[in-house]
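Data from entry30.tsv: TSV, C-alpha atoms
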```tsv
chain	number	residue	atom	x	y	z
A	1	MET	CA	134.06	114.37	-142.51
A	2	GLY	CA	132.75	116.69	-145.22
A	3	GLU	CA	130.18	116.25	-147.96
A	4	SER	CA	129.42	112.86	-149.49
A	5	TYR	CA	128.38	112.75	-153.15
A	6	LEU	CA	126.61	109.59	-154.23
A	7	VAL	CA	127.92	108.52	-157.63
A	8	VAL	CA	126.54	105.00	-158.02
A	9	ASP	CA	123.21	104.47	-156.34
A	10	ASN	CA	122.40	100.85	-155.45
A	11	LEU	CA	123.35	99.04	-158.63
A	12	LYS	CA	121.95	95.54	-158.18
A	13	PHE	CA	123.19	92.20	-159.45
A	14	ALA	CA	121.71	88.77	-158.79
A	15	TYR	CA	122.66	85.28	-159.92
A	16	GLU	CA	121.31	81.86	-159.15
A	17	GLY	CA	123.22	78.74	-160.03
A	18	LEU	CA	126.61	77.14	-159.54
A	19	PHE	CA	129.58	79.17	-158.38
A	20	ASN	CA	132.47	79.21	-155.97
A	21	PRO	CA	132.10	81.90	-153.27
A	22	GLU	CA	135.81	81.85	-152.37
A	23	GLU	CA	136.76	82.68	-155.93
A	24	ILE	CA	134.27	85.54	-156.08
A	25	TYR	CA	135.66	86.90	-152.83
A	26	SER	CA	139.21	86.68	-154.20
A	27	ILE	CA	138.16	88.48	-157.44
A	28	ILE	CA	136.79	91.36	-155.36
A	29	THR	CA	139.74	91.62	-152.97
A	30	SER	CA	142.40	91.32	-155.69
A	31	LEU	CA	140.80	94.08	-157.78
A	32	PHE	CA	140.88	96.53	-154.87
A	33	TYR	CA	144.39	95.54	-153.71
A	34	GLU	CA	145.76	95.90	-157.25
A	35	ARG	CA	144.42	99.45	-157.43
A	36	GLY	CA	145.76	100.49	-154.05
A	37	TRP	CA	142.45	100.75	-152.20
A	38	ILE	CA	142.31	100.25	-148.45
A	39	TRP	CA	140.32	97.18	-147.50
A	40	TYR	CA	137.57	97.51	-144.94
A	41	GLU	CA	135.16	94.71	-144.16
A	42	LYS	CA	132.35	96.18	-142.13
A	43	MET	CA	130.32	93.03	-141.61
A	44	ASN	CA	130.74	89.30	-142.25
A	45	GLN	CA	127.97	87.18	-140.88
A	46	GLU	CA	127.21	83.53	-141.52
A	47	GLU	CA	124.21	81.50	-140.50
A	48	VAL	CA	123.73	77.78	-141.05
A	49	THR	CA	120.13	76.75	-141.65
A	50	PRO	CA	118.51	73.52	-142.93
A	51	SER	CA	118.04	75.13	-146.37
A	52	GLY	CA	121.72	76.01	-146.62
A	53	ARG	CA	124.21	78.62	-145.49
A	54	GLN	CA	123.19	82.28	-145.41
A	55	ILE	CA	126.11	84.68	-145.68
A	56	ARG	CA	125.85	88.43	-145.39
A	57	MET	CA	128.77	90.75	-146.00
A	58	ILE	CA	129.23	94.50	-146.14
A	59	LEU	CA	132.49	95.56	-147.74
A	60	LYS	CA	133.54	99.21	-147.70
A	61	PRO	CA	136.93	99.63	-149.37
A	62	PHE	CA	138.11	103.22	-149.78
A	63	LEU	CA	140.84	105.19	-151.48
A	64	LEU	CA	142.51	108.31	-150.13
A	65	ALA	CA	142.77	110.08	-153.47
A	66	THR	CA	144.15	113.39	-152.20
A	67	LYS	CA	144.41	115.22	-148.89
A	68	TYR	CA	140.92	116.52	-149.55
A	69	TYR	CA	139.06	113.77	-151.42
A	70	GLN	CA	138.26	110.20	-150.47
A	71	LEU	CA	136.60	107.65	-152.74
A	72	GLY	CA	134.43	104.93	-151.32
A	73	VAL	CA	132.67	101.82	-152.59
A	74	GLN	CA	130.10	99.91	-150.62
A	75	MET	CA	129.22	96.33	-151.53
A	76	ARG	CA	126.45	94.47	-149.83
A	77	ILE	CA	126.83	90.77	-150.62
A	78	HIS	CA	124.15	88.29	-149.74
A	79	LEU	CA	124.55	84.58	-150.37
A	80	ILE	CA	121.29	82.72	-149.89
A	81	ASN	CA	120.69	78.97	-149.48
A	82	LEU	CA	124.28	78.06	-150.27
A	83	LYS	CA	124.73	74.31	-150.62
A	84	GLU	CA	127.83	72.35	-151.49
A	85	VAL	CA	127.44	70.19	-154.61
A	86	GLU	CA	129.74	67.93	-156.60
A	87	VAL	CA	129.84	68.37	-160.35
A	88	GLU	CA	131.58	66.06	-162.79
A	89	ARG	CA	133.37	67.83	-165.62
A	90	ASP	CA	135.86	66.25	-168.05
A	91	GLY	CA	136.06	63.18	-165.78
A	92	LYS	CA	137.00	65.29	-162.76
A	93	ILE	CA	134.83	65.94	-159.77
A	94	LEU	CA	134.57	69.63	-158.90
A	95	ARG	CA	133.29	70.87	-155.57
A	96	LEU	CA	131.11	73.90	-156.14
A	97	HIS	CA	128.29	75.69	-154.39
A	98	HIS	CA	124.73	76.20	-155.53
A	99	GLY	CA	122.71	79.13	-154.33
A	100	VAL	CA	121.64	82.69	-154.89
A	101	LEU	CA	124.14	85.52	-155.01
A	102	ARG	CA	122.96	89.10	-154.59
A	103	ILE	CA	125.29	92.08	-154.75
A	104	THR	CA	124.37	95.75	-154.34
A	105	TYR	CA	126.99	98.33	-155.25
A	106	SER	CA	127.11	101.95	-154.15
A	107	GLY	CA	129.86	104.45	-154.82
A	108	GLU	CA	130.59	107.86	-153.33
A	109	VAL	CA	133.08	110.70	-153.43
A	110	ILE	CA	133.72	112.31	-150.05
A	111	SER	CA	135.14	115.79	-149.87
A	112	ASP	CA	137.00	117.31	-146.90
A	113	ARG	CA	137.86	113.86	-145.60
A	114	LYS	CA	139.81	115.21	-142.62
A	115	GLY	CA	137.00	117.54	-141.55
A	116	LEU	CA	139.18	120.66	-141.62
A	117	TRP	CA	136.60	122.87	-143.37
A	118	LYS	CA	133.76	122.45	-140.91
A	119	LYS	CA	133.32	126.02	-139.68
A	120	PRO	CA	130.45	127.85	-141.44
A	121	LEU	CA	132.62	130.30	-143.38
A	122	PHE	CA	135.12	127.61	-144.38
A	123	TRP	CA	132.29	125.25	-145.30
A	124	PHE	CA	130.74	127.92	-147.54
A	125	LEU	CA	134.12	128.62	-149.15
A	126	SER	CA	134.76	124.91	-149.71
A	127	ILE	CA	131.39	124.51	-151.44
A	128	VAL	CA	132.06	127.55	-153.67
A	129	PHE	CA	135.52	126.25	-154.56
A	130	GLU	CA	134.21	122.76	-155.25
A	131	LYS	CA	131.36	124.02	-157.39
A	132	TYR	CA	133.00	126.81	-159.39
A	133	PHE	CA	136.79	126.38	-159.32
A	134	PHE	CA	137.65	122.70	-158.86
A	135	SER	CA	134.53	121.00	-160.22
A	136	ASP	CA	136.68	119.04	-162.69
A	137	ARG	CA	138.40	117.20	-159.82
A	138	LYS	CA	135.16	115.99	-158.33
A	139	GLU	CA	134.07	114.92	-161.79
A	140	LYS	CA	137.35	113.06	-162.32
A	141	TYR	CA	136.98	111.13	-159.05
A	142	SER	CA	133.32	110.37	-159.78
A	143	VAL	CA	134.39	108.79	-163.05
A	144	LYS	CA	137.06	106.80	-161.19
A	145	VAL	CA	134.49	105.39	-158.76
A	146	LYS	CA	132.13	104.54	-161.62
A	147	GLU	CA	134.94	102.83	-163.53
A	148	THR	CA	135.98	100.79	-160.49
A	149	ILE	CA	132.43	99.56	-159.93
A	150	ASP	CA	131.98	98.85	-163.63
A	151	ASP	CA	135.24	96.85	-163.77
A	152	LEU	CA	134.30	94.94	-160.65
A	153	SER	CA	130.82	94.07	-161.85
A	154	THR	CA	132.21	93.04	-165.27
A	155	ALA	CA	134.85	90.82	-163.60
A	156	ILE	CA	132.18	89.08	-161.52
A	157	LYS	CA	129.89	88.69	-164.56
A	158	ASN	CA	132.79	87.28	-166.58
A	159	TYR	CA	133.54	84.76	-163.85
A	160	LEU	CA	129.91	83.67	-163.67
A	161	ASN	CA	129.65	83.72	-167.49
A	162	THR	CA	126.47	85.74	-167.39
A	163	CYS	CA	124.82	87.59	-170.21
A	164	LYS	CA	126.62	90.93	-170.22
A	165	TYR	CA	125.23	94.34	-170.91
A	166	THR	CA	128.18	96.64	-171.53
A	167	TYR	CA	128.37	100.31	-172.34
A	168	ASN	CA	131.17	99.85	-174.87
A	169	HIS	CA	129.08	98.32	-177.66
B	1	MET	CA	111.97	117.49	-154.66
B	2	VAL	CA	111.46	115.98	-158.09
B	3	GLU	CA	108.04	115.85	-159.73
B	4	THR	CA	107.59	112.76	-161.88
B	5	ASP	CA	105.02	112.27	-164.58
B	6	LEU	CA	104.45	108.85	-166.12
B	7	ILE	CA	104.02	109.31	-169.86
B	8	VAL	CA	104.41	105.80	-171.25
B	9	ASP	CA	103.12	103.06	-169.01
B	10	SER	CA	104.37	99.49	-169.48
B	11	LYS	CA	104.64	99.37	-173.25
B	12	GLU	CA	105.60	95.80	-174.08
B	13	LEU	CA	107.69	94.31	-176.84
B	14	ARG	CA	107.59	90.53	-177.13
B	15	TYR	CA	109.61	88.24	-179.35
B	16	LYS	CA	110.10	84.50	-179.43
B	17	GLY	CA	112.75	82.82	-181.52
B	18	ILE	CA	116.39	83.23	-182.42
B	19	PHE	CA	118.36	86.41	-181.79
B	20	ARG	CA	121.72	87.51	-180.47
B	21	ALA	CA	121.80	88.97	-176.97
B	22	ASP	CA	124.94	91.04	-177.61
B	23	GLU	CA	123.44	92.36	-180.85
B	24	LEU	CA	120.27	93.30	-178.97
B	25	PHE	CA	122.26	95.24	-176.36
B	26	ARG	CA	124.32	96.89	-179.10
B	27	ILE	CA	121.16	98.09	-180.84
B	28	ILE	CA	119.74	99.41	-177.57
B	29	ASN	CA	122.98	101.28	-176.79
B	30	LYS	CA	123.23	102.69	-180.29
B	31	SER	CA	119.65	103.96	-180.39
B	32	LEU	CA	120.00	105.49	-176.90
B	33	GLU	CA	123.20	107.26	-177.95
B	34	GLU	CA	121.52	108.49	-181.09
B	35	LYS	CA	118.76	110.08	-179.03
B	36	GLY	CA	121.24	111.64	-176.59
B	37	TYR	CA	120.55	109.55	-173.49
B	38	THR	CA	123.09	108.83	-170.78
B	39	LYS	CA	123.18	105.10	-170.24
B	40	ASN	CA	122.57	103.79	-166.77
B	41	GLU	CA	122.23	100.19	-165.63
B	42	LYS	CA	120.19	99.69	-162.49
B	43	ARG	CA	119.75	95.97	-161.98
B	44	SER	CA	120.83	92.70	-163.55
B	45	GLU	CA	119.78	89.21	-162.57
B	46	GLU	CA	120.47	85.78	-163.95
B	47	VAL	CA	119.10	82.39	-163.05
B	48	VAL	CA	120.64	79.26	-164.55
B	49	THR	CA	118.22	76.37	-164.95
B	50	GLU	CA	118.10	73.15	-166.95
B	51	GLU	CA	115.84	74.76	-169.60
B	52	GLY	CA	118.28	77.63	-170.06
B	53	LYS	CA	119.16	80.95	-168.56
B	54	ARG	CA	116.72	83.59	-167.37
B	55	VAL	CA	118.22	87.04	-167.64
B	56	PHE	CA	116.65	90.18	-166.23
B	57	LEU	CA	118.11	93.59	-166.87
B	58	GLU	CA	116.85	97.01	-165.86
B	59	LEU	CA	118.18	100.10	-167.59
B	60	ARG	CA	117.35	103.69	-166.74
B	61	PRO	CA	118.77	105.98	-169.41
B	62	LYS	CA	118.31	109.69	-168.79
B	63	LYS	CA	118.34	112.85	-170.88
B	64	GLU	CA	118.33	116.52	-169.88
B	65	VAL	CA	115.84	118.35	-172.07
B	66	GLY	CA	115.55	121.77	-170.54
B	67	PRO	CA	116.16	123.79	-167.38
B	68	GLY	CA	114.99	121.56	-164.56
B	69	ALA	CA	113.45	118.93	-166.85
B	70	SER	CA	114.76	115.52	-167.83
B	71	LEU	CA	113.39	112.44	-169.56
B	72	LEU	CA	113.86	109.01	-168.08
B	73	ILE	CA	113.19	105.73	-169.84
B	74	LYS	CA	112.89	102.65	-167.70
B	75	MET	CA	113.59	99.50	-169.72
B	76	ARG	CA	112.99	96.13	-168.14
B	77	ILE	CA	114.48	93.45	-170.37
B	78	THR	CA	113.71	89.79	-169.69
B	79	LEU	CA	115.35	87.05	-171.70
B	80	ASP	CA	113.71	83.76	-170.79
B	81	SER	CA	114.71	80.13	-171.59
B	82	LEU	CA	117.90	81.47	-173.18
B	83	THR	CA	119.97	78.81	-174.92
B	84	GLU	CA	122.82	78.93	-177.42
B	85	LYS	CA	122.71	77.20	-180.79
B	86	ILE	CA	124.19	77.35	-184.28
B	87	GLU	CA	121.75	78.53	-186.92
B	88	ILE	CA	121.93	79.51	-190.59
B	89	VAL	CA	121.09	83.22	-190.80
B	90	SER	CA	121.17	84.88	-194.25
B	91	GLY	CA	123.06	81.89	-195.64
B	92	GLN	CA	125.78	81.98	-192.97
B	93	LYS	CA	126.34	79.78	-189.96
B	94	ARG	CA	126.06	81.90	-186.84
B	95	ASN	CA	126.18	81.32	-183.14
B	96	VAL	CA	122.83	82.62	-181.90
B	97	ASN	CA	120.63	82.58	-178.82
B	98	GLN	CA	117.15	81.18	-178.66
B	99	GLY	CA	114.53	82.22	-176.17
B	100	ASP	CA	111.76	84.62	-175.29
B	101	VAL	CA	112.39	88.35	-175.21
B	102	LEU	CA	110.19	90.71	-173.25
B	103	ILE	CA	111.04	94.39	-173.05
B	104	VAL	CA	108.82	96.69	-170.99
B	105	PHE	CA	109.22	100.42	-171.50
B	106	ASP	CA	108.20	103.14	-169.08
B	107	GLY	CA	108.66	106.78	-170.00
B	108	TRP	CA	108.93	109.45	-167.31
B	109	LEU	CA	109.19	113.20	-167.32
B	110	GLU	CA	111.09	114.43	-164.28
B	111	THR	CA	110.95	118.10	-163.35
B	112	THR	CA	112.29	120.18	-160.50
B	113	TYR	CA	109.88	123.06	-160.97
B	114	GLU	CA	108.57	123.22	-157.41
B	115	GLU	CA	110.76	126.07	-156.20
B	116	ARG	CA	111.08	127.83	-159.51
B	117	TYR	CA	109.89	131.33	-160.29
B	118	HIS	CA	107.14	130.46	-162.77
B	119	ARG	CA	105.51	128.00	-160.35
B	120	ALA	CA	104.14	130.69	-158.04
B	121	PRO	CA	100.33	130.09	-158.00
B	122	ILE	CA	99.21	133.24	-159.84
B	123	ARG	CA	101.88	133.01	-162.53
B	124	PHE	CA	101.27	129.30	-162.97
B	125	PHE	CA	97.50	129.86	-163.31
B	126	ILE	CA	97.92	132.61	-165.90
B	127	LYS	CA	100.46	130.57	-167.84
B	128	GLY	CA	98.11	127.57	-167.72
B	129	LEU	CA	95.23	129.66	-169.11
B	130	ILE	CA	97.38	131.02	-171.93
B	131	ASP	CA	98.71	127.54	-172.66
B	132	LYS	CA	95.24	126.04	-172.86
B	133	TYR	CA	93.24	128.74	-174.63
B	134	VAL	CA	95.61	131.09	-176.45
B	135	TYR	CA	98.86	129.48	-177.45
B	136	PRO	CA	100.79	126.44	-176.09
B	137	ILE	CA	103.72	127.94	-174.20
B	138	LEU	CA	104.45	125.34	-171.51
B	139	PRO	CA	107.18	122.96	-172.66
B	140	GLU	CA	105.81	119.86	-170.89
B	141	ARG	CA	103.67	118.88	-173.87
B	142	LYS	CA	106.73	118.95	-176.13
B	143	TYR	CA	108.74	116.86	-173.64
B	144	LYS	CA	105.97	114.29	-173.36
B	145	GLY	CA	105.87	113.92	-177.12
B	146	GLN	CA	109.64	113.59	-177.15
B	147	VAL	CA	109.76	110.71	-174.65
B	148	ARG	CA	107.00	108.91	-176.57
B	149	GLY	CA	108.90	109.40	-179.81
B	150	ASP	CA	112.18	108.20	-178.30
B	151	ILE	CA	110.59	105.01	-176.97
B	152	HIS	CA	108.96	104.38	-180.32
B	153	PHE	CA	112.31	104.87	-182.06
B	154	ILE	CA	114.14	102.43	-179.73
B	155	GLU	CA	111.35	99.89	-180.09
B	156	SER	CA	111.38	100.09	-183.89
B	157	GLU	CA	115.19	99.74	-183.99
B	158	ILE	CA	115.01	96.62	-181.82
B	159	LEU	CA	112.20	95.15	-183.92
B	160	LYS	CA	114.17	95.87	-187.08
B	161	SER	CA	117.18	93.95	-185.79
B	162	LEU	CA	115.03	91.04	-184.58
B	163	LYS	CA	113.27	90.92	-187.96
B	164	VAL	CA	116.60	90.09	-189.64
B	165	PHE	CA	116.84	86.93	-187.55
B	166	ARG	CA	113.20	86.03	-188.19
B	167	GLN	CA	113.68	86.41	-191.95
B	168	GLY	CA	116.89	84.39	-191.73
B	169	GLU	CA	115.04	81.66	-189.84
B	170	GLU	CA	112.31	81.56	-192.50
B	171	GLU	CA	114.91	81.48	-195.28
B	172	SER	CA	116.77	78.61	-193.65
B	173	LYS	CA	113.45	76.77	-193.26
B	174	LYS	CA	112.71	77.37	-196.94
B	175	THR	CA	116.14	76.13	-197.98
B	176	SER	CA	115.75	73.02	-195.85
B	177	GLU	CA	112.31	72.44	-197.43
B	178	ASP	CA	113.87	72.77	-200.89
B	179	VAL	CA	116.56	70.26	-199.97
B	180	VAL	CA	113.94	67.77	-198.75
B	181	LYS	CA	111.88	68.27	-201.94
B	182	LYS	CA	114.94	67.61	-204.11
B	183	GLU	CA	115.81	64.49	-202.13
B	184	VAL	CA	112.24	63.21	-202.49
B	185	GLU	CA	112.27	63.87	-206.24
B	186	GLU	CA	115.61	62.07	-206.60
B	187	GLU	CA	114.25	59.11	-204.67
B	188	VAL	CA	111.13	59.03	-206.85
B	189	VAL	CA	113.31	59.05	-209.98
B	190	LYS	CA	115.47	56.27	-208.54
B	191	THR	CA	112.49	54.07	-207.69
B	192	LYS	CA	111.12	54.65	-211.19
B	193	TRP	CA	114.39	53.42	-212.77
B	194	ASP	CA	114.53	50.48	-210.41
```

Could you render the structure from this file as structure tokens?
Amino acid sequence: MGESYLVVDNLKFAYEGLFNPEEIYSIITSLFYERGWIWYEKMNQEEVTPSGRQIRMILKPFLLATKYYQLGVQMRIHLINLKEVEVERDGKILRLHHGVLRITYSGEVISDRKGLWKKPLFWFLSIVFEKYFFSDRKEKYSVKVKETIDDLSTAIKNYLNTCKYTYNH
Amino acid sequence: MVETDLIVDSKELRYKGIFRADELFRIINKSLEEKGYTKNEKRSEEVVTEEGKRVFLELRPKKEVGPGASLLIKMRITLDSLTEKIEIVSGQKRNVNQGDVLIVFDGWLETTYEERYHRAPIRFFIKGLIDKYVYPILPERKYKGQVRGDIHFIESEILKSLKVFRQGEEESKKTSEDVVKKEVEEEVVKTKWD
């Protein structure tokens, strides 16, 4: 594996209130599947305690953009004190969960994903090419990673109906 | 290695009353764009309670100002007890938010001068002497003034937008007072005739 360029550095999101964890999980998975990313769930851990369920997940979907570049997103999801509650709305009883949701996003662009340019001379040449000849490609993929994370965080915020800060104003 | 210098330390802006959260974010974005900053969101939190929502947002816009120097503004926005209501602002019915706004500004100057040519001890010393006693040649002073000015500009733009709502609130109060006065007068007239 070659160089890894960090594009999004630990963007944090937290929410406390009512939500449905299954729906949030499906929002995340569907967004990546729709865009052709390869799904990779690094960790999924659940602990049942008297104060509620504690779920910890590390998701690392990635996209093989070209033979040389790979895009990666890392999501660390932490659900704290998750309790099942029943809420009555429009005469219907809904089964939801109450708890704290914390998500940390990171995004990276990895060059030389197959590790073919490892030898010192090749490595030097690859860095020169990346920096002075094909810098636009790296820039393009960085924007793609940023967009993906932005879309994902907006989708989650829309679902939770949170107060949104958007760049498009 | 980046050298950081804290220029503005925890400058607070407080407001209590009606406002529009999306309008507030729009003003922040617009004023940052105007000053040439790249927008960057770092953290967002929301807690839903019976009293209303509590929103916390941390923004870290950045601007390159010179070779190896950049300005960073850290904005911590807290919207507390946030509720939605319909209010008459400037004579029009508008869907607004009510709550407490607290914005804390930090201004940083980030430099990567450590390995640069002019930071060799002798050259730095001579430059420092010239800067202090002969003529200001080091750009740091200018950058510090710039970050202070930018924060002041953003703050004043936000206050300006919030003032519109405050005035609207006062106007609506006045109009409601006038209505009550009229009603009282009418009642007095009626009782007189009766």

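Residues within 9 Å of segment 142-147 of chain A, counting all atoms listed in the file and excluding same-chain residues fewer than 2 positions away, are Tyr5, Leu6, Val7, Val8, Leu71, Gly72, Val73, Gly107, Glu108, Val109, Arg137, Lys138, Glu139, Lys140, Ile149, Asp150, Asp151 and Leu152 of chain A.
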
Quiz prompt | Minimum-distance residue to chain A, chosen among B:Leu129, B:Leu159, B:Val8, B:Leu59 (using only C-alpha atoms) | solution =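 For chain A, the nearest of the candidates is B:Leu59.
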
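Minimum atom-to-atom distances from B:Leu102, B:Ile86, B:Gly66, B:Glu58 to Lys142 of chain B were compared using all atoms listed in the file, and the lowest value belongs to B:Gly66.
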
Practice problem: Could you list, as number ranges by chain, the residues of chain A having an atom within 6 Å of chain B when counting only C-alpha atoms? | Solution: A: 11-17, 169

Self-check item: Between atom CA of Phe122 of chain A and atom CA of Asp136 of chain A - distance in Å to one decimal
Solution: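 Between atom CA of Asp136 of chain A and atom CA of Phe122 of chain A the gap is 20.3 Å.
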